[in-house]
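Novice: Input structure: model07.pdb, which contains PDB, C-alpha atoms.
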```
MODEL        1
ATOM      1  CA  MET A 247     -23.331  -2.408   1.828
ATOM      2  CA  LYS A 248     -19.973  -1.564   3.389
ATOM      3  CA  GLU A 249     -17.070  -3.908   2.774
ATOM      4  CA  GLU A 250     -13.295  -3.781   2.856
ATOM      5  CA  HIS A 251     -11.707  -2.176  -0.206
ATOM      6  CA  THR A 252      -8.059  -1.665  -1.106
ATOM      7  CA  LEU A 253      -7.046   1.440  -3.021
ATOM      8  CA  THR A 254      -3.750   1.271  -4.914
ATOM      9  CA  VAL A 255      -2.492   4.759  -5.707
ATOM     10  CA  TYR A 256       0.491   5.344  -8.022
ATOM     11  CA  THR A 257       2.079   8.739  -7.439
ATOM     12  CA  GLU A 258       5.127  10.876  -7.814
ATOM     13  CA  ASN A 259       6.883  11.447  -4.499
ATOM     14  CA  GLN A 260       5.958  15.045  -3.732
ATOM     15  CA  VAL A 261       5.851  16.935  -0.433
ATOM     16  CA  GLY A 262       2.291  17.482   0.790
ATOM     17  CA  LEU A 263       0.733  14.707  -1.306
ATOM     18  CA  LEU A 264      -0.105  12.555   1.706
ATOM     19  CA  ASN A 265      -1.916  15.503   3.271
ATOM     20  CA  LYS A 266      -3.991  16.049   0.116
ATOM     21  CA  ILE A 267      -5.029  12.394   0.094
ATOM     22  CA  ALA A 268      -5.795  12.393   3.842
ATOM     23  CA  ILE A 269      -8.086  15.418   3.436
ATOM     24  CA  ILE A 270     -10.226  13.503   0.923
ATOM     25  CA  PHE A 271     -10.864  10.794   3.539
ATOM     26  CA  SER A 272     -11.327  13.151   6.497
ATOM     27  CA  ARG A 273     -13.931  15.264   4.648
ATOM     28  CA  ARG A 274     -16.006  12.126   4.152
ATOM     29  CA  LYS A 275     -15.304  10.948   7.732
ATOM     30  CA  ILE A 276     -13.791   7.691   6.494
ATOM     31  CA  ASN A 277     -11.256   5.974   8.719
ATOM     32  CA  LEU A 278      -8.187   4.348   7.164
ATOM     33  CA  GLU A 279      -7.876   0.725   8.286
ATOM     34  CA  SER A 280      -4.362   0.424   6.851
ATOM     35  CA  PHE A 281      -1.930   2.653   4.942
ATOM     36  CA  ASN A 282       1.343   1.673   3.303
ATOM     37  CA  SER A 283       3.729   3.609   1.084
ATOM     38  CA  SER A 284       6.503   1.974  -0.924
ATOM     39  CA  PRO A 285       8.450   2.289  -4.168
ATOM     40  CA  SER A 286       6.776   0.673  -7.197
ATOM     41  CA  GLU A 287       8.163  -1.223 -10.173
ATOM     42  CA  ILE A 288       8.823   2.131 -11.900
ATOM     43  CA  ASP A 289      11.706   4.393 -10.849
ATOM     44  CA  ASN A 290      10.600   7.495  -8.916
ATOM     45  CA  ILE A 291       6.968   6.324  -8.800
ATOM     46  CA  TYR A 292       5.535   5.350  -5.421
ATOM     47  CA  ARG A 293       2.646   3.123  -4.526
ATOM     48  CA  PHE A 294       0.224   3.837  -1.688
ATOM     49  CA  THR A 295      -1.894   0.911  -0.496
ATOM     50  CA  ILE A 296      -4.912   2.179   1.453
ATOM     51  CA  VAL A 297      -7.537  -0.041   3.096
ATOM     52  CA  ILE A 298     -10.987   1.341   3.990
ATOM     53  CA  ASN A 299     -14.452   0.030   4.866
ATOM     54  CA  ALA A 300     -17.033   1.692   2.632
ATOM     55  CA  THR A 301     -19.651   1.032  -0.028
ATOM     56  CA  ALA A 302     -18.575   0.439  -3.625
ATOM     57  CA  THR A 303     -20.074   3.777  -4.709
ATOM     58  CA  VAL A 304     -18.175   5.732  -2.067
ATOM     59  CA  VAL A 305     -14.919   3.956  -2.975
ATOM     60  CA  LYS A 306     -15.362   4.762  -6.687
ATOM     61  CA  ASN A 307     -15.981   8.428  -5.873
ATOM     62  CA  ILE A 308     -12.923   8.574  -3.612
ATOM     63  CA  ALA A 309     -10.766   6.953  -6.305
ATOM     64  CA  LYS A 310     -11.929   9.563  -8.844
ATOM     65  CA  GLN A 311     -11.248  12.381  -6.370
ATOM     66  CA  ILE A 312      -7.713  11.120  -5.600
ATOM     67  CA  GLU A 313      -6.979  10.726  -9.315
ATOM     68  CA  LYS A 314      -7.678  14.455  -9.803
ATOM     69  CA  ILE A 315      -4.621  15.325  -7.690
ATOM     70  CA  VAL A 316      -1.873  16.453 -10.064
ATOM     71  CA  ASP A 317       0.863  14.175  -8.670
ATOM     72  CA  VAL A 318      -1.329  11.037  -8.861
ATOM     73  CA  LEU A 319      -0.882   8.914 -11.968
ATOM     74  CA  LYS A 320      -3.483   6.180 -11.421
ATOM     75  CA  VAL A 321      -5.821   4.834  -8.732
ATOM     76  CA  TYR A 322      -7.187   1.286  -8.620
ATOM     77  CA  HIS A 323      -9.838   0.103  -6.166
ATOM     78  CA  ASN A 324     -10.425  -3.564  -5.411
ATOM     79  CA  THR A 325     -12.247  -5.859  -3.037
ATOM     80  CA  ASN A 326     -10.309  -8.530  -1.128
ATOM     81  CA  ASP A 327     -11.295 -11.177  -3.720
ATOM     82  CA  GLU A 328      -9.502  -9.202  -6.452
ATOM     83  CA  ILE A 329      -6.125  -8.891  -4.717
ATOM     84  CA  ILE A 330      -3.389 -10.974  -3.148
ATOM     85  CA  TRP A 331      -2.388  -9.430   0.159
ATOM     86  CA  GLN A 332      -0.255 -10.054   3.195
ATOM     87  CA  GLN A 333       0.902  -8.440   6.413
ATOM     88  CA  ILE A 334       3.880  -9.155   8.625
ATOM     89  CA  ALA A 335       3.731  -9.385  12.409
ATOM     90  CA  LEU A 336       6.381  -9.513  15.134
ATOM     91  CA  TYR A 337       5.738 -11.317  18.415
ATOM     92  CA  LYS A 338       7.967 -10.964  21.482
ATOM     93  CA  VAL A 339       7.670 -13.972  23.805
ATOM     94  CA  PRO A 340       9.612 -14.877  26.976
ATOM     95  CA  THR A 341      12.384 -17.291  26.004
ATOM     96  CA  THR A 342      11.601 -19.456  29.033
ATOM     97  CA  ALA A 343       8.069 -20.103  27.675
ATOM     98  CA  ILE A 344       9.571 -21.546  24.487
ATOM     99  CA  VAL A 345      12.286 -23.602  26.184
ATOM    100  CA  GLU A 346       9.960 -25.040  28.835
ATOM    101  CA  ASN A 347       6.885 -25.657  26.690
ATOM    102  CA  VAL A 348       6.996 -27.806  23.549
ATOM    103  CA  LYS A 349       3.488 -26.624  22.611
ATOM    104  CA  VAL A 350       4.805 -23.127  21.859
ATOM    105  CA  GLU A 351       7.429 -24.473  19.465
ATOM    106  CA  ARG A 352       4.809 -26.592  17.672
ATOM    107  CA  LEU A 353       2.474 -23.618  17.502
ATOM    108  CA  LEU A 354       5.163 -21.444  15.909
ATOM    109  CA  ARG A 355       5.930 -24.149  13.335
ATOM    110  CA  GLU A 356       2.235 -24.543  12.556
ATOM    111  CA  PHE A 357       1.964 -20.834  11.726
ATOM    112  CA  GLY A 358       5.272 -20.740   9.832
ATOM    113  CA  ALA A 359       6.808 -18.238  12.238
ATOM    114  CA  ASN A 360      10.526 -17.521  11.911
ATOM    115  CA  VAL A 361      12.946 -16.538  14.660
ATOM    116  CA  VAL A 362      14.273 -12.980  14.343
ATOM    117  CA  VAL A 363      16.091 -12.518  17.677
ATOM    118  CA  ILE A 364      16.890 -14.869  20.561
ATOM    119  CA  ARG A 365      17.948 -13.406  23.897
ATOM    120  CA  ASN A 366      17.971 -14.787  27.434
ATOM    121  CA  ASP A 367      14.909 -12.789  28.432
ATOM    122  CA  TYR A 368      12.866 -12.875  25.199
ATOM    123  CA  THR A 369      12.614 -14.227  21.665
ATOM    124  CA  VAL A 370      11.104 -12.360  18.708
ATOM    125  CA  PHE A 371       9.282 -14.227  15.959
ATOM    126  CA  GLU A 372       7.941 -12.987  12.642
ATOM    127  CA  ALA A 373       4.947 -14.371  10.791
ATOM    128  CA  THR A 374       3.261 -13.313   7.576
ATOM    129  CA  GLY A 375      -0.371 -13.779   6.695
ATOM    130  CA  GLN A 376      -3.760 -12.169   6.714
ATOM    131  CA  ASP A 377      -5.540 -10.628   9.682
ATOM    132  CA  HIS A 378      -7.251 -13.798  10.879
ATOM    133  CA  GLU A 379      -3.992 -15.816  10.813
ATOM    134  CA  ILE A 380      -1.973 -13.122  12.573
ATOM    135  CA  ASN A 381      -4.671 -12.596  15.194
ATOM    136  CA  LYS A 382      -5.062 -16.335  15.811
ATOM    137  CA  LEU A 383      -1.338 -16.688  16.560
ATOM    138  CA  LEU A 384      -1.542 -13.568  18.750
ATOM    139  CA  LYS A 385      -4.359 -15.113  20.786
ATOM    140  CA  GLU A 386      -2.421 -18.377  21.221
ATOM    141  CA  LEU A 387       0.867 -16.710  22.207
ATOM    142  CA  ASP A 388      -0.966 -14.525  24.719
ATOM    143  CA  LYS A 389      -1.511 -17.708  26.775
ATOM    144  CA  TYR A 390       2.274 -18.043  27.140
ATOM    145  CA  GLY A 391       3.060 -14.547  28.392
ATOM    146  CA  LEU A 392       3.292 -12.524  25.175
ATOM    147  CA  ILE A 393       5.375  -9.414  25.926
ATOM    148  CA  GLU A 394       4.839  -7.317  22.808
ATOM    149  CA  PHE A 395       3.157  -7.470  19.401
ATOM    150  CA  VAL A 396       3.235  -5.286  16.270
ATOM    151  CA  LYS A 397       1.635  -5.726  12.852
ATOM    152  CA  SER A 398       2.476  -3.996   9.563
ATOM    153  CA  SER A 399       0.153  -2.347   7.089
ATOM    154  CA  ARG A 400      -1.254  -4.338   4.228
ATOM    155  CA  ILE A 401       0.722  -4.847   1.049
ATOM    156  CA  ALA A 402      -1.258  -6.013  -1.954
ATOM    157  CA  ILE A 403      -0.964  -6.955  -5.606
ATOM    158  CA  ILE A 404      -3.974  -6.829  -7.926
ATOM    159  CA  LYS A 405      -4.630 -10.283  -9.422
ATOM    160  CA  SER A 406      -5.688  -9.046 -12.869
ATOM    161  CA  SER A 407      -3.187  -6.182 -13.141
ATOM    162  CA  GLU A 408      -0.345  -6.166 -15.660
ATOM    163  CA  GLY A 409       1.308  -3.364 -13.729
ATOM    164  CA  LEU A 410       1.400   0.338 -14.334
ATOM    165  CA  HIS A 411       4.667   0.238 -16.309
ATOM    166  CA  LYS A 412       3.067  -1.619 -19.240
ATOM    167  CA  LYS A 413       0.121   0.809 -19.209
ATOM    168  CA  LEU A 414       2.445   3.803 -19.379
ATOM    169  CA  VAL A 415       4.382   2.269 -22.281
ATOM    170  CA  ASN A 416       1.130   1.536 -24.145
ATOM    171  CA  MET A 417      -0.099   5.098 -23.548
ATOM    172  CA  ASP A 418       3.106   6.451 -25.083
ATOM    173  CA  LEU A 419       2.730   4.180 -28.120
ATOM    174  CA  LYS A 420      -0.925   5.075 -28.690
ATOM    175  CA  ASN A 421      -0.505   8.792 -28.029
ATOM    176  CA  PRO A 422       3.079   9.768 -28.822
ATOM    177  CA  ALA A 423       4.066  13.317 -28.001
ATOM    178  CA  LYS A 424       4.093  15.508 -31.089
ATOM    179  CA  ASP A 425       7.336  17.082 -32.200
ATOM    180  CA  PRO A 426       7.666  20.592 -30.851
ATOM    181  CA  VAL A 427       6.343  23.189 -33.249
ATOM    182  CA  ASN A 428       8.774  25.931 -34.204
ATOM    183  CA  ASN A 429       7.328  29.390 -33.979
ATOM    184  CA  GLU A 430       7.980  31.182 -37.296
ATOM    185  CA  PHE A 431       8.000  34.565 -35.563
ATOM    186  CA  LEU A 432      10.620  33.651 -32.967
ATOM    187  CA  ASN A 433      13.544  34.572 -35.217
ATOM    188  CA  HIS A 434      11.951  37.949 -36.026
ATOM    189  CA  LYS A 435      11.082  39.007 -32.473
ATOM    190  CA  SER A 436      12.885  42.379 -32.710
ATOM    191  CA  LYS A 437      10.795  43.325 -35.748
ATOM    192  CA  ILE A 438       7.460  42.111 -34.338
ATOM    193  CA  PHE A 439       7.733  42.956 -30.637
ATOM    194  CA  GLN A 440       8.791  46.576 -30.419
ATOM    195  CA  MET A 441       8.141  48.975 -27.596
TER     196      MET A 441
ENDMDL
END
```
Could I get this structure in the form of structure tokens?
Specialist:
Amino acid sequence: MKEEHTLTVYTENQVGLLNKIAIIFSRRKINLESFNSSPSEIDNIYRFTIVINATATVVKNIAKQIEKIVDVLKVYHNTNDEIIWQQIALYKVPTTAIVENVKVERLLREFGANVVVIRNDYTVFEATGQDHEINKLLKELDKYGLIEFVKSSRIAIIKSSEGLHKKLVNMDLKNPAKDPVNNEFLNHKSKIFQM
């Protein structure tokens, strides 16, 4: 059964990486519901948050395929129950609708919306939440002459995750790099390698 899954991909920031990941989805004809790229808790490591609707088997296979890309360090896949996620939305409303109607002000307070910009002709509010909360406020503000609306991609944190940084440190402790081996023939190269 198809359901919403969030893939968290830790990568190095390399040119062409996004294209390689996109090809994996396009070959399977899977549409991305949301895509976000941001720095992670580790310097020079980036985090892609990708939302898709697919079966658990398909998601596992995609995660394995993405992990095979050289620049990808780790891929996690989770259902919505296994993550904490939010989006941010901006709503542009005529200022007159707010000044003349107390219901709009109450509505904005109810949804925890904050003022970003106030001008004579419009006011911009921001609200954070999940799809149903953002869409509910959108529907309500549409009644009062909503001018413009935009919503960000999903950002998510895995509930059970201790972060990638700790995993990398543990990997180094369990599997430390061996000291480089000196080649005994290197100092005698003129004797060994003659033309």
Novice: Could you check which residues have any atom within 10 Å of (-8.9, -8.6, 1.5), counting all atoms listed in the file with coordinates taken straight from the file, and then list them as a VMD selection string?
Specialist: chain A and resid 249 to 252 297 324 to 332 376 to 377 400 402
Novice: Give the padded box for region 263-277 of chain A as AutoDock Vina command-line options: axis-aligned, covering all atoms listed in the file, 3 Å on each side, centre and edge lengths in Å to one decimal.
Specialist:
```
--center_x -7.6 --center_y 11.0 --center_z 3.7 --size_x 22.7 --size_y 16.1 --size_z 16.0
```
Novice: Per residue of region 312-363 of chain A within 9 Å of region 254-275 of chain A, what are the shortest atom pair and its distance in Å to one decimal, counting only C-alpha atoms, with rows by chain and residue number, as JSON lines?
Specialist:
```
{"residue": "A:Ile312", "atom": "CA", "partner": "A:Ile267", "partner_atom": "CA", "distance": 6.4}
{"residue": "A:Glu313", "atom": "CA", "partner": "A:Val255", "partner_atom": "CA", "distance": 8.3}
{"residue": "A:Ile315", "atom": "CA", "partner": "A:Lys266", "partner_atom": "CA", "distance": 7.9}
{"residue": "A:Asp317", "atom": "CA", "partner": "A:Glu258", "partner_atom": "CA", "distance": 5.5}
{"residue": "A:Val318", "atom": "CA", "partner": "A:Thr257", "partner_atom": "CA", "distance": 4.3}
{"residue": "A:Leu319", "atom": "CA", "partner": "A:Thr257", "partner_atom": "CA", "distance": 5.4}
{"residue": "A:Lys320", "atom": "CA", "partner": "A:Tyr256", "partner_atom": "CA", "distance": 5.3}
{"residue": "A:Val321", "atom": "CA", "partner": "A:Val255", "partner_atom": "CA", "distance": 4.5}
{"residue": "A:Tyr322", "atom": "CA", "partner": "A:Thr254", "partner_atom": "CA", "distance": 5.1}
{"residue": "A:His323", "atom": "CA", "partner": "A:Thr254", "partner_atom": "CA", "distance": 6.3}
{"residue": "A:Asn324", "atom": "CA", "partner": "A:Thr254", "partner_atom": "CA", "distance": 8.3}
```
Novice: Would you please work out which residue, of A:Ser283, A:Thr301, A:Thr341, A:Thr374, is nearest to Ile393 (chain A) when using only C-alpha atoms?
Specialist: A:Thr341
Novice: Rank A:Ala300, A:Ile276, A:Leu336, A:Ile308 by their smallest atom-to-atom distance to Val363 (chain A), using all atoms listed in the file, and report the top residue only.
Specialist: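 Ranking A:Ala300, A:Ile276, A:Leu336, A:Ile308 by distance to Val363 (chain A), first place goes to A:Leu336.
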Novice: Measuring atom to atom with all atoms listed in the file, identify which of A:Ser399, A:Asn347, A:Thr342, A:Asn360 is nearest to Glu279 (chain A).
Specialist: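 Closest to Glu279 (chain A), using all atoms listed in the file: A:Ser399.
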Novice: Given the point (0.6, -14.3, 20.2) in the file's coordinates, find the residues that have an atom at most 12 Å from it, counting only C-alpha atoms, and give them as number ranges by chain.
Specialist: A: 335-340, 350, 353-354, 357, 359, 370-373, 379-397
Novice: Between CA of Tyr292 (chain A) and CA of Leu410 (chain A), what is the distance, to one decimal in Å?
Specialist: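 Spanning CA of Tyr292 (chain A) to CA of Leu410 (chain A) is a straight-line distance of 11.0 Å.
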Novice: Expressed in Å to a single decimal, how great is the separation between CA of Leu253 (chain A) and CA of Ile296 (chain A)?
Specialist: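 The value is 5.0 Å.
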Novice: When you draw a straight line from CA of Ile344 (chain A) to CA of Thr369 (chain A), how long is it in Å?
Specialist: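 A separation of 8.4 Å between them.
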Novice: Please, can region 289-316 of chain A be completed to N, CA and C atoms and returned as a PDB file, in the frame of the given file?
Specialist:
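Contents of part-v5.pdb, freshly written:
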```
ATOM      1  N   ASP A 289      10.839   3.449 -11.565  1.00  0.00           N
ATOM      2  CA  ASP A 289      11.706   4.393 -10.849  1.00  0.00           C
ATOM      3  C   ASP A 289      10.976   5.702 -10.569  1.00  0.00           C
ATOM      4  N   ASN A 290      11.157   6.213  -9.360  1.00  0.00           N
ATOM      5  CA  ASN A 290      10.600   7.495  -8.916  1.00  0.00           C
ATOM      6  C   ASN A 290       9.076   7.548  -8.861  1.00  0.00           C
ATOM      7  N   ILE A 291       8.420   6.399  -8.964  1.00  0.00           N
ATOM      8  CA  ILE A 291       6.968   6.324  -8.800  1.00  0.00           C
ATOM      9  C   ILE A 291       6.702   5.497  -7.544  1.00  0.00           C
ATOM     10  N   TYR A 292       5.841   6.017  -6.683  1.00  0.00           N
ATOM     11  CA  TYR A 292       5.535   5.350  -5.421  1.00  0.00           C
ATOM     12  C   TYR A 292       4.125   4.797  -5.442  1.00  0.00           C
ATOM     13  N   ARG A 293       3.923   3.828  -4.574  1.00  0.00           N
ATOM     14  CA  ARG A 293       2.646   3.123  -4.526  1.00  0.00           C
ATOM     15  C   ARG A 293       2.092   3.210  -3.109  1.00  0.00           C
ATOM     16  N   PHE A 294       0.911   3.806  -2.971  1.00  0.00           N
ATOM     17  CA  PHE A 294       0.224   3.837  -1.688  1.00  0.00           C
ATOM     18  C   PHE A 294      -0.816   2.723  -1.711  1.00  0.00           C
ATOM     19  N   THR A 295      -0.870   1.937  -0.650  1.00  0.00           N
ATOM     20  CA  THR A 295      -1.894   0.911  -0.496  1.00  0.00           C
ATOM     21  C   THR A 295      -2.747   1.331   0.700  1.00  0.00           C
ATOM     22  N   ILE A 296      -4.007   1.644   0.434  1.00  0.00           N
ATOM     23  CA  ILE A 296      -4.912   2.179   1.453  1.00  0.00           C
ATOM     24  C   ILE A 296      -6.105   1.237   1.598  1.00  0.00           C
ATOM     25  N   VAL A 297      -6.409   0.851   2.834  1.00  0.00           N
ATOM     26  CA  VAL A 297      -7.537  -0.041   3.096  1.00  0.00           C
ATOM     27  C   VAL A 297      -8.607   0.744   3.847  1.00  0.00           C
ATOM     28  N   ILE A 298      -9.856   0.673   3.339  1.00  0.00           N
ATOM     29  CA  ILE A 298     -10.987   1.341   3.990  1.00  0.00           C
ATOM     30  C   ILE A 298     -12.201   0.420   3.977  1.00  0.00           C
ATOM     31  N   ASN A 299     -13.143   0.694   4.865  1.00  0.00           N
ATOM     32  CA  ASN A 299     -14.452   0.030   4.866  1.00  0.00           C
ATOM     33  C   ASN A 299     -15.470   1.040   4.373  1.00  0.00           C
ATOM     34  N   ALA A 300     -16.053   0.770   3.212  1.00  0.00           N
ATOM     35  CA  ALA A 300     -17.033   1.692   2.632  1.00  0.00           C
ATOM     36  C   ALA A 300     -17.827   0.960   1.558  1.00  0.00           C
ATOM     37  N   THR A 301     -18.860   1.620   1.058  1.00  0.00           N
ATOM     38  CA  THR A 301     -19.651   1.032  -0.028  1.00  0.00           C
ATOM     39  C   THR A 301     -18.880   1.191  -1.337  1.00  0.00           C
ATOM     40  N   ALA A 302     -19.253   0.393  -2.322  1.00  0.00           N
ATOM     41  CA  ALA A 302     -18.575   0.439  -3.625  1.00  0.00           C
ATOM     42  C   ALA A 302     -18.707   1.817  -4.268  1.00  0.00           C
ATOM     43  N   THR A 303     -19.854   2.448  -4.126  1.00  0.00           N
ATOM     44  CA  THR A 303     -20.074   3.777  -4.709  1.00  0.00           C
ATOM     45  C   THR A 303     -19.153   4.810  -4.083  1.00  0.00           C
ATOM     46  N   VAL A 304     -19.046   4.779  -2.768  1.00  0.00           N
ATOM     47  CA  VAL A 304     -18.175   5.732  -2.067  1.00  0.00           C
ATOM     48  C   VAL A 304     -16.725   5.521  -2.487  1.00  0.00           C
ATOM     49  N   VAL A 305     -16.308   4.273  -2.592  1.00  0.00           N
ATOM     50  CA  VAL A 305     -14.919   3.956  -2.975  1.00  0.00           C
ATOM     51  C   VAL A 305     -14.627   4.465  -4.384  1.00  0.00           C
ATOM     52  N   LYS A 306     -15.547   4.270  -5.310  1.00  0.00           N
ATOM     53  CA  LYS A 306     -15.362   4.762  -6.687  1.00  0.00           C
ATOM     54  C   LYS A 306     -15.213   6.281  -6.705  1.00  0.00           C
ATOM     55  N   ASN A 307     -16.052   6.960  -5.928  1.00  0.00           N
ATOM     56  CA  ASN A 307     -15.981   8.428  -5.873  1.00  0.00           C
ATOM     57  C   ASN A 307     -14.665   8.900  -5.267  1.00  0.00           C
ATOM     58  N   ILE A 308     -14.202   8.220  -4.231  1.00  0.00           N
ATOM     59  CA  ILE A 308     -12.923   8.574  -3.612  1.00  0.00           C
ATOM     60  C   ILE A 308     -11.781   8.357  -4.601  1.00  0.00           C
ATOM     61  N   ALA A 309     -11.809   7.244  -5.319  1.00  0.00           N
ATOM     62  CA  ALA A 309     -10.766   6.953  -6.305  1.00  0.00           C
ATOM     63  C   ALA A 309     -10.711   8.054  -7.372  1.00  0.00           C
ATOM     64  N   LYS A 310     -11.873   8.482  -7.843  1.00  0.00           N
ATOM     65  CA  LYS A 310     -11.929   9.563  -8.844  1.00  0.00           C
ATOM     66  C   LYS A 310     -11.366  10.864  -8.274  1.00  0.00           C
ATOM     67  N   GLN A 311     -11.716  11.158  -7.017  1.00  0.00           N
ATOM     68  CA  GLN A 311     -11.248  12.381  -6.370  1.00  0.00           C
ATOM     69  C   GLN A 311      -9.727  12.370  -6.211  1.00  0.00           C
ATOM     70  N   ILE A 312      -9.172  11.237  -5.774  1.00  0.00           N
ATOM     71  CA  ILE A 312      -7.713  11.120  -5.600  1.00  0.00           C
ATOM     72  C   ILE A 312      -7.004  11.255  -6.942  1.00  0.00           C
ATOM     73  N   GLU A 313      -7.595  10.680  -7.983  1.00  0.00           N
ATOM     74  CA  GLU A 313      -6.979  10.726  -9.315  1.00  0.00           C
ATOM     75  C   GLU A 313      -6.901  12.148  -9.871  1.00  0.00           C
ATOM     76  N   LYS A 314      -7.701  13.062  -9.347  1.00  0.00           N
ATOM     77  CA  LYS A 314      -7.678  14.455  -9.803  1.00  0.00           C
ATOM     78  C   LYS A 314      -6.461  15.216  -9.267  1.00  0.00           C
ATOM     79  N   ILE A 315      -5.815  14.677  -8.234  1.00  0.00           N
ATOM     80  CA  ILE A 315      -4.621  15.325  -7.690  1.00  0.00           C
ATOM     81  C   ILE A 315      -3.520  15.252  -8.735  1.00  0.00           C
ATOM     82  N   VAL A 316      -2.853  16.341  -8.980  1.00  0.00           N
ATOM     83  CA  VAL A 316      -1.873  16.453 -10.064  1.00  0.00           C
ATOM     84  C   VAL A 316      -0.780  15.382  -9.997  1.00  0.00           C
TER      85      VAL A 316
END
```
